[in-house]
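Data file: run-v3.tsv. Format and content: TSV, C-alpha atoms and all ligand atoms.
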```tsv
chain	number	residue	atom	x	y	z
A	1	MET	CA	1.49	11.14	26.19
A	2	GLN	CA	-1.92	9.57	25.63
A	3	GLN	CA	-2.23	7.71	22.30
A	4	LYS	CA	-5.11	8.73	20.04
A	5	LYS	CA	-7.56	5.81	20.00
A	6	GLN	CA	-8.09	4.22	16.58
A	7	PRO	CA	-11.77	4.02	15.54
A	8	SER	CA	-13.30	0.59	16.09
A	9	ASN	CA	-13.69	-1.48	12.92
A	10	GLU	CA	-17.47	-1.16	13.12
A	11	TYR	CA	-17.43	2.63	12.81
A	12	ARG	CA	-14.35	3.18	10.68
A	13	ILE	CA	-14.83	4.95	7.36
A	14	ARG	CA	-13.49	2.60	4.69
A	15	SER	CA	-10.97	3.71	2.08
A	16	PHE	CA	-12.43	1.26	-0.45
A	17	VAL	CA	-15.66	-0.17	-1.78
A	18	ARG	CA	-15.65	-3.89	-2.42
A	19	ARG	CA	-15.82	-4.03	-6.20
A	20	GLN	CA	-17.53	-7.10	-7.59
A	21	GLY	CA	-14.91	-7.49	-10.37
A	22	ARG	CA	-15.14	-10.97	-11.84
A	23	LEU	CA	-12.43	-13.47	-11.04
A	24	THR	CA	-10.94	-15.10	-14.11
A	25	ILE	CA	-10.60	-18.87	-13.99
A	26	ALA	CA	-6.82	-18.49	-13.67
A	27	GLN	CA	-7.15	-16.01	-10.79
A	28	ASN	CA	-9.63	-18.27	-9.04
A	29	ASN	CA	-7.31	-21.27	-9.47
A	30	ALA	CA	-4.38	-19.23	-8.17
A	31	LEU	CA	-6.36	-18.24	-5.07
A	32	GLY	CA	-7.20	-21.87	-4.37
A	33	LYS	CA	-3.74	-23.24	-5.11
A	34	TYR	CA	-1.28	-20.60	-3.93
A	35	LEU	CA	-3.03	-18.58	-1.22
A	36	PRO	CA	-2.38	-21.33	1.36
A	37	GLN	CA	1.34	-21.12	0.49
A	38	PHE	CA	1.85	-17.38	0.04
A	39	GLY	CA	-1.09	-15.86	1.91
A	40	LEU	CA	-0.94	-14.59	5.49
A	41	ASN	CA	-3.91	-14.44	7.83
A	42	ASN	CA	-5.15	-11.45	9.76
A	43	SER	CA	-6.14	-13.85	12.57
A	44	ASP	CA	-2.52	-14.93	13.13
A	45	GLY	CA	-1.58	-12.12	15.54
A	46	VAL	CA	1.67	-10.18	15.34
A	47	PHE	CA	3.88	-11.51	12.55
A	48	ASP	CA	7.43	-12.64	13.06
A	49	PHE	CA	8.88	-11.81	9.64
A	50	SER	CA	12.03	-13.86	10.23
A	51	LYS	CA	9.85	-16.97	10.61
A	52	ILE	CA	7.52	-16.09	7.73
A	53	TYR	CA	10.29	-15.43	5.19
A	54	GLN	CA	12.73	-17.78	6.93
A	55	ARG	CA	15.52	-15.22	7.00
A	56	GLU	CA	16.51	-11.81	8.35
A	57	ALA	CA	15.83	-9.24	5.63
A	58	PRO	CA	14.20	-5.81	5.29
A	59	THR	CA	10.44	-6.06	4.82
A	60	HIS	CA	8.69	-3.76	2.33
A	61	LEU	CA	4.91	-3.24	2.28
A	62	GLU	CA	2.80	-2.29	-0.74
A	63	ILE	CA	-0.70	-1.09	0.18
A	64	GLY	CA	-3.51	-1.48	-2.37
A	65	PHE	CA	-1.34	-3.25	-4.97
A	66	GLY	CA	-4.14	-3.55	-7.59
A	67	ASN	CA	-3.10	-6.30	-10.00
A	68	GLY	CA	0.22	-6.81	-8.18
A	69	GLN	CA	2.56	-5.99	-11.05
A	70	SER	CA	4.49	-3.40	-9.08
A	71	VAL	CA	5.15	-5.55	-6.02
A	72	ALA	CA	6.06	-8.52	-8.25
A	73	ASN	CA	8.55	-6.38	-10.20
A	74	MET	CA	10.13	-4.98	-7.04
A	75	ALA	CA	10.41	-8.47	-5.55
A	76	ALA	CA	12.04	-9.83	-8.71
A	77	ALA	CA	14.49	-6.92	-8.87
A	78	HIS	CA	15.35	-7.18	-5.15
A	79	PRO	CA	15.50	-10.78	-4.00
A	80	GLU	CA	17.41	-9.50	-0.94
A	81	ASN	CA	14.21	-7.87	0.41
A	82	ASN	CA	10.95	-9.34	1.72
A	83	TYR	CA	7.71	-7.98	0.23
A	84	LEU	CA	4.23	-7.99	1.69
A	85	GLY	CA	1.31	-6.94	-0.52
A	86	VAL	CA	-2.07	-6.04	0.97
A	87	GLU	CA	-5.15	-5.64	-1.25
A	88	VAL	CA	-8.87	-6.12	-0.64
A	89	HIS	CA	-9.78	-6.70	-4.30
A	90	ARG	CA	-9.83	-10.51	-4.77
A	91	PRO	CA	-9.12	-10.59	-8.53
A	92	GLY	CA	-5.99	-8.51	-7.85
A	93	VAL	CA	-4.91	-10.92	-5.14
A	94	GLY	CA	-5.44	-13.83	-7.55
A	95	ASN	CA	-3.41	-12.00	-10.18
A	96	LEU	CA	-0.47	-11.42	-7.84
A	97	LEU	CA	-0.54	-15.09	-6.79
A	98	GLN	CA	-0.28	-16.03	-10.47
A	99	LEU	CA	2.74	-13.71	-10.88
A	100	ILE	CA	4.39	-15.16	-7.77
A	101	HIS	CA	3.97	-18.66	-9.14
A	102	LYS	CA	5.04	-17.85	-12.73
A	103	GLN	CA	8.13	-15.92	-11.60
A	104	ALA	CA	8.94	-18.24	-8.68
A	105	LEU	CA	9.09	-15.31	-6.27
A	106	ALA	CA	10.02	-16.72	-2.88
A	107	ASN	CA	10.17	-13.31	-1.19
A	108	VAL	CA	6.50	-12.20	-1.53
A	109	ARG	CA	3.57	-12.76	0.83
A	110	VAL	CA	0.01	-11.62	0.20
A	111	MET	CA	-2.93	-10.52	2.32
A	112	SER	CA	-6.50	-10.03	1.18
A	113	ASP	CA	-7.56	-7.73	4.02
A	114	ASP	CA	-8.16	-4.11	4.93
A	115	VAL	CA	-4.69	-2.72	5.59
A	116	TYR	CA	-5.98	-0.91	8.70
A	117	ASP	CA	-6.69	-4.30	10.28
A	118	VAL	CA	-3.34	-5.65	9.10
A	119	LEU	CA	-1.39	-2.74	10.61
A	120	GLN	CA	-3.31	-2.82	13.87
A	121	THR	CA	-3.16	-6.59	14.34
A	122	ASN	CA	-0.24	-8.08	12.47
A	123	ILE	CA	2.58	-5.60	12.02
A	124	ASP	CA	4.98	-4.98	14.85
A	125	ASP	CA	6.09	-1.44	15.64
A	126	TYR	CA	9.32	-0.31	13.91
A	127	SER	CA	9.32	-3.36	11.59
A	128	LEU	CA	8.87	-2.03	8.03
A	129	ALA	CA	11.80	-0.87	5.90
A	130	ALA	CA	9.67	0.71	3.14
A	131	VAL	CA	6.01	1.40	2.37
A	132	TYR	CA	4.51	2.07	-1.07
A	133	ILE	CA	1.04	3.47	-1.78
A	134	TYR	CA	0.61	3.90	-5.53
A	135	PHE	CA	-2.44	5.59	-7.04
A	136	PRO	CA	-4.76	5.16	-4.04
A	137	ASP	CA	-8.46	5.68	-4.71
A	138	PRO	CA	-8.69	9.47	-5.15
A	139	TRP	CA	-12.13	9.99	-3.54
A	140	HIS	CA	-12.24	13.31	-5.36
A	141	LYS	CA	-15.78	14.40	-4.42
A	142	ARG	CA	-15.70	16.77	-1.49
A	143	CYS	CA	-18.07	14.58	0.55
A	144	HIS	CA	-15.74	11.58	0.04
A	145	VAL	CA	-12.42	13.20	0.97
A	146	LYS	CA	-12.65	11.64	4.43
A	147	ARG	CA	-12.29	8.20	2.79
A	148	ARG	CA	-8.80	8.93	1.46
A	149	ILE	CA	-6.32	6.42	2.82
A	150	VAL	CA	-3.66	9.09	3.16
A	151	ASN	CA	-5.05	10.90	6.18
A	152	PRO	CA	-3.47	11.96	9.48
A	153	GLU	CA	-4.79	9.05	11.57
A	154	PHE	CA	-3.77	6.37	9.08
A	155	MET	CA	-0.34	7.89	8.50
A	156	ALA	CA	0.24	8.07	12.27
A	157	LEU	CA	-0.54	4.35	12.52
A	158	LEU	CA	1.73	3.59	9.58
A	159	GLU	CA	4.55	5.71	10.97
A	160	LYS	CA	4.61	3.62	14.17
A	161	LYS	CA	5.17	0.49	12.09
A	162	MET	CA	8.11	1.91	10.14
A	163	GLN	CA	11.77	1.66	11.06
A	164	LYS	CA	13.99	4.68	11.37
A	165	GLY	CA	15.32	5.46	7.89
A	166	ALA	CA	12.39	3.70	6.19
A	167	LEU	CA	11.11	4.99	2.84
A	168	LEU	CA	7.51	6.09	2.33
A	169	HIS	CA	6.66	6.43	-1.35
A	170	LEU	CA	3.31	7.82	-2.50
A	171	ALA	CA	2.14	8.49	-6.06
A	172	THR	CA	-1.08	9.87	-7.49
A	173	ASP	CA	-2.45	11.25	-10.74
A	174	TRP	CA	-4.91	13.58	-8.96
A	175	GLN	CA	-3.46	17.02	-8.29
A	176	ASP	CA	-5.83	17.72	-5.43
A	177	TYR	CA	-4.86	14.42	-3.76
A	178	ALA	CA	-1.16	15.19	-4.31
A	179	LYS	CA	-1.60	18.50	-2.48
A	180	HIS	CA	-3.59	16.76	0.25
A	181	MET	CA	-0.81	14.14	0.63
A	182	MET	CA	1.77	16.91	0.89
A	183	ARG	CA	-0.24	18.72	3.58
A	184	VAL	CA	-0.71	15.53	5.62
A	185	MET	CA	3.00	14.67	5.36
A	186	ASN	CA	4.17	18.23	6.10
A	187	ASP	CA	2.37	17.97	9.43
A	188	MET	CA	4.26	14.81	10.37
A	189	SER	CA	7.47	15.77	12.12
A	190	GLN	CA	8.68	12.13	12.04
A	191	PHE	CA	9.28	12.32	8.27
A	192	THR	CA	11.59	14.33	6.07
A	193	ASN	CA	10.79	15.03	2.43
A	194	GLN	CA	13.58	13.61	0.23
A	195	ALA	CA	13.01	16.34	-2.37
A	196	GLY	CA	12.93	19.23	0.10
A	197	LYS	CA	10.01	20.90	1.87
A	198	ASN	CA	6.85	21.01	-0.26
A	199	GLN	CA	8.65	19.49	-3.25
A	200	TYR	CA	7.52	16.52	-5.29
A	201	SER	CA	10.10	13.87	-6.16
A	202	LYS	CA	11.18	12.94	-9.66
A	203	ARG	CA	9.47	9.72	-10.70
A	204	PRO	CA	12.06	7.01	-9.97
A	205	GLU	CA	12.79	4.87	-13.04
A	206	TRP	CA	12.30	1.70	-11.03
A	207	ARG	CA	8.67	2.48	-10.19
A	208	THR	CA	6.43	0.21	-12.28
A	209	LEU	CA	3.93	1.89	-14.59
A	210	THR	CA	0.76	0.54	-12.97
A	211	LYS	CA	-2.67	-0.03	-14.45
A	212	PHE	CA	-4.06	3.02	-12.64
A	213	GLU	CA	-1.15	5.21	-13.66
A	214	GLN	CA	-1.77	4.21	-17.29
A	215	ARG	CA	-5.42	5.10	-16.84
A	216	GLY	CA	-4.34	8.51	-15.53
A	217	HIS	CA	-2.16	9.02	-18.62
A	218	ARG	CA	-5.09	8.17	-20.89
A	219	LEU	CA	-7.15	10.81	-19.08
A	220	GLY	CA	-4.37	13.35	-19.65
A	221	HIS	CA	-3.45	13.53	-15.95
A	222	ASP	CA	-0.01	14.41	-14.63
A	223	VAL	CA	1.59	12.26	-11.96
A	224	TRP	CA	3.05	13.33	-8.61
A	225	ASP	CA	5.53	11.26	-6.56
A	226	LEU	CA	6.16	11.99	-2.90
A	227	MET	CA	9.14	10.32	-1.20
A	228	PHE	CA	9.73	10.66	2.52
A	229	THR	CA	12.19	9.16	4.98
A	230	LYS	CA	11.25	8.36	8.56
A	231	ILE	CA	13.69	10.12	10.85
B	301	LIG	C1	-6.97	2.95	-7.51
B	301	LIG	S1	-6.43	1.36	-7.08
B	301	LIG	C2	-4.68	1.39	-7.45
B	301	LIG	C3	-4.11	0.01	-7.61
B	301	LIG	C4	-2.60	-0.04	-7.95
B	301	LIG	N1	-1.80	0.50	-6.87
B	301	LIG	C5	-2.31	0.68	-9.23
B	301	LIG	O1	-1.61	1.72	-9.19
B	301	LIG	O2	-2.74	0.17	-10.29
B	301	LIG	C6	-6.40	1.43	-5.31
B	301	LIG	C7	-6.43	0.04	-4.67
B	301	LIG	O3	-6.31	0.15	-3.26
B	301	LIG	C8	-7.11	-0.88	-2.67
B	301	LIG	N2	-7.43	-0.45	-1.31
B	301	LIG	C9	-8.08	0.68	-0.94
B	301	LIG	N3	-8.19	0.75	0.38
B	301	LIG	C10	-7.59	-0.38	0.88
B	301	LIG	C11	-7.42	-0.88	2.19
B	301	LIG	N4	-7.87	-0.21	3.26
B	301	LIG	N5	-6.76	-2.05	2.35
B	301	LIG	C12	-6.30	-2.73	1.26
B	301	LIG	N6	-6.45	-2.30	-0.01
B	301	LIG	C13	-7.09	-1.14	-0.19
B	301	LIG	C14	-8.33	-0.97	-3.58
B	301	LIG	O4	-8.96	-2.22	-3.50
B	301	LIG	C15	-7.72	-0.70	-4.96
B	301	LIG	O5	-7.42	-1.91	-5.64
```

As structure tokens, please, write out the structure in this file.
Ligand SMILES: C[S@@+](CC[C@H](N)C(=O)[O-])C[C@H]1O[C@@H](n2cnc3c(N)ncnc32)[C@H](O)[C@@H]1O
Amino acid sequence: MQQKKQPSNEYRIRSFVRRQGRLTIAQNNALGKYLPQFGLNNSDGVFDFSKIYQREAPTHLEIGFGNGQSVANMAAAHPENNYLGVEVHRPGVGNLLQLIHKQALANVRVMSDDVYDVLQTNIDDYSLAAVYIYFPDPWHKRCHVKRRIVNPEFMALLEKKMQKGALLHLATDWQDYAKHMMRVMNDMSQFTNQAGKNQYSKRPEWRTLTKFEQRGHRLGHDVWDLMFTKI
């Protein structure tokens, strides 16, 4: 069967806008000091995780990790797993590097790139044991819906990179996005919904309360978790 061609980088609709958020001095220092040690480069071709983490272990990916608290907490709670965080927002990358240093997390690597490029260039097929996308930008205006990262083309790319049995965990505080996520996932025969068809999952206790989830609470929003297994 012919593979659907991914849009070239030049024409791709981005799922983010580069926010100019100011780097704190500590974040800037962390970028300078720790990115060479814990950062991975998009220009390095397909990654060999066993070389990068210097062991054989399941590799989990968090996409758009914000300030990095969630990936840092998961990595601290599960030293037996490898974690890769991908985020375009530089202050967030600096913040995660600080957490990695403070908590001496040997099992986390960081990328400051568009995750589309990372998946297309660096991640081998069938190599990820879990993928987390927490509170992705909602792009709630009708004319912006096409920018949502959870869309059929992106999820098809992601699916190729996931191992059989891998977990895909999505969460959002926008009801319309939750429904959209459910529709996109229902159309993917390679995944089964852990909660049953069309059902949202109970929020797992281990999921970190992120900055954007807290913002959602302040706005009076509910939260929807979707947990799927690749079959
Ligand atoms: C609304 S924030 C949520 C951050 C965090 N997950 C949380 O819950 O606090 C979404 C994040 O996804 C990042 N993002 C969006 N599209 C991305 C992409 N294509 N590659 C990497 N990061 C992306 C944005 O920079 C932003 O920080």

Review point. Mind listing the residues within 8 Å of ligand LIG 301 (chain B), all atoms listed in the file counted, as a PyMOL selection string?
Key: chain A and resi 14-19+63-68+70+86-89+92+112-116+133-138+149+209-213

Practice item. For atom CA of Gly216 of chain A and atom CA of Trp174 of chain A, quote the distance in Å rounded to one decimal. Key: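 Atom-to-atom, atom CA of Gly216 of chain A and atom CA of Trp174 of chain A are spaced 8.3 Å apart.
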
Check your understanding: Neighbours of segment 193-202 of chain A within 12 Å (only C-alpha atoms; same-chain residues fewer than 4 positions away dropped), as a ChimeraX atom specification?
Key -> /A:165-172,175,178-189,206-207,223-231

Just the selected residues (C-alpha atoms), exported as a tab-separated table (two decimals), in the frame of the given file, please.
```
chain	number	residue	atom	x	y	z
A	165	GLY	CA	15.32	5.46	7.89
A	166	ALA	CA	12.39	3.70	6.19
A	167	LEU	CA	11.11	4.99	2.84
A	168	LEU	CA	7.51	6.09	2.33
A	169	HIS	CA	6.66	6.43	-1.35
A	170	LEU	CA	3.31	7.82	-2.50
A	171	ALA	CA	2.14	8.49	-6.06
A	172	THR	CA	-1.08	9.87	-7.49
A	175	GLN	CA	-3.46	17.02	-8.29
A	178	ALA	CA	-1.16	15.19	-4.31
A	179	LYS	CA	-1.60	18.50	-2.48
A	180	HIS	CA	-3.59	16.76	0.25
A	181	MET	CA	-0.81	14.14	0.63
A	182	MET	CA	1.77	16.91	0.89
A	183	ARG	CA	-0.24	18.72	3.58
A	184	VAL	CA	-0.71	15.53	5.62
A	185	MET	CA	3.00	14.67	5.36
A	186	ASN	CA	4.17	18.23	6.10
A	187	ASP	CA	2.37	17.97	9.43
A	188	MET	CA	4.26	14.81	10.37
A	189	SER	CA	7.47	15.77	12.12
A	206	TRP	CA	12.30	1.70	-11.03
A	207	ARG	CA	8.67	2.48	-10.19
A	223	VAL	CA	1.59	12.26	-11.96
A	224	TRP	CA	3.05	13.33	-8.61
A	225	ASP	CA	5.53	11.26	-6.56
A	226	LEU	CA	6.16	11.99	-2.90
A	227	MET	CA	9.14	10.32	-1.20
A	228	PHE	CA	9.73	10.66	2.52
A	229	THR	CA	12.19	9.16	4.98
A	230	LYS	CA	11.25	8.36	8.56
A	231	ILE	CA	13.69	10.12	10.85
```

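Between atom CA of Pro91 of chain A and atom CA of Gly32 of chain A the interatomic distance comes to 12.2 Å.
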
Exercise for review: Rank nothing, just name the residue among A:Ala104, A:Asn122, A:Asp117, A:Tyr177 nearest to Val145 of chain A, using all atoms listed in the file.
Suggested key: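 Answer, going by the shortest atom-to-atom distance: A:Tyr177.
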
Review point. Any idea what the distance is between atom CA of Lys141 of chain A and atom CA of Asp222 of chain A?
Key: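 That distance, rounded to one decimal, is 18.8 Å.
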
**Study point:** Counting only C-alpha atoms, the residue of A:Asn29, A:Asp176, A:Met162, A:Pro152 that sits nearest Val93 of chain A
**Key:**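 Among A:Asn29, A:Asp176, A:Met162, A:Pro152, it is A:Asn29 that comes nearest to Val93 of chain A.
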
Practice item. Choose the residue, out of A:Gln98, A:Phe49, A:Gln190, A:Leu31, that has the smallest atom-to-atom separation from Gln69 of chain A; count all atoms listed in the file. Key: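 Of A:Gln98, A:Phe49, A:Gln190, A:Leu31, the one nearest Gln69 of chain A, counting all atoms listed in the file, is A:Gln98.
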
Exercise for review: Take the point (0.6, -18.8, -3.5) in the file's coordinates, draw a sphere of radius 9 Å around it, and report as a ChimeraX atom specification every protein, DNA or RNA residue with an atom inside or on it, counting all atoms listed in the file.
Suggested key: /A:30-39,94,96-98,100-101,109-110

Write the residues of the preceding selection, restricted to C-alpha atoms, as an mmCIF file, in the coordinates of the input.
```cif
data_model
loop_
_atom_site.group_PDB
_atom_site.id
_atom_site.type_symbol
_atom_site.label_atom_id
_atom_site.label_comp_id
_atom_site.auth_asym_id
_atom_site.auth_seq_id
_atom_site.Cartn_x
_atom_site.Cartn_y
_atom_site.Cartn_z
ATOM 1 C CA ALA A 30 -4.380 -19.230 -8.170
ATOM 2 C CA LEU A 31 -6.360 -18.240 -5.070
ATOM 3 C CA GLY A 32 -7.200 -21.870 -4.370
ATOM 4 C CA LYS A 33 -3.740 -23.240 -5.110
ATOM 5 C CA TYR A 34 -1.280 -20.600 -3.930
ATOM 6 C CA LEU A 35 -3.030 -18.580 -1.220
ATOM 7 C CA PRO A 36 -2.380 -21.330 1.360
ATOM 8 C CA GLN A 37 1.340 -21.120 0.490
ATOM 9 C CA PHE A 38 1.850 -17.380 0.040
ATOM 10 C CA GLY A 39 -1.090 -15.860 1.910
ATOM 11 C CA GLY A 94 -5.440 -13.830 -7.550
ATOM 12 C CA LEU A 96 -0.470 -11.420 -7.840
ATOM 13 C CA LEU A 97 -0.540 -15.090 -6.790
ATOM 14 C CA GLN A 98 -0.280 -16.030 -10.470
ATOM 15 C CA ILE A 100 4.390 -15.160 -7.770
ATOM 16 C CA HIS A 101 3.970 -18.660 -9.140
ATOM 17 C CA ARG A 109 3.570 -12.760 0.830
ATOM 18 C CA VAL A 110 0.010 -11.620 0.200
#
```

Practice item. For Glu56 of chain A, list every protein, DNA or RNA residue within 10 Å, evaluated using only C-alpha atoms, and leave out those in the same chain fewer than 6 positions away; present the list as a PyMOL selection string. Key: chain A and resi 49-50+80-82

Write the selection just made, keeping C-alpha atoms, as a tab-separated table (two decimals), in the frame of the given file?
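What follows is the written file result-v5.tsv:
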```tsv
chain	number	residue	atom	x	y	z
A	49	PHE	CA	8.88	-11.81	9.64
A	50	SER	CA	12.03	-13.86	10.23
A	80	GLU	CA	17.41	-9.50	-0.94
A	81	ASN	CA	14.21	-7.87	0.41
A	82	ASN	CA	10.95	-9.34	1.72
```

Review point. Skipping near chain neighbours, those fewer than 2 positions away, what residues fall within 8 Å of Val46 of chain A using all atoms listed in the file, listed as a ChimeraX atom specification?
Key: /A:44,48,121-124

Would you put the residues from that selection into a file with C-alpha atoms, as a PDB file, in the frame of the given file?
```pdb
ATOM      1  CA  ASP A  44      -2.520 -14.930  13.130  1.00  0.00           C
ATOM      2  CA  ASP A  48       7.430 -12.640  13.060  1.00  0.00           C
ATOM      3  CA  THR A 121      -3.160  -6.590  14.340  1.00  0.00           C
ATOM      4  CA  ASN A 122      -0.240  -8.080  12.470  1.00  0.00           C
ATOM      5  CA  ILE A 123       2.580  -5.600  12.020  1.00  0.00           C
ATOM      6  CA  ASP A 124       4.980  -4.980  14.850  1.00  0.00           C
TER       7      ASP A 124
END
```

Check your understanding: With distances taken over only C-alpha atoms, which of A:Leu158, A:Leu23, A:Leu61, A:Met74 is nearest to Tyr126 of chain A?
Key ->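 Under the stated criterion, the closest residue is A:Leu158.
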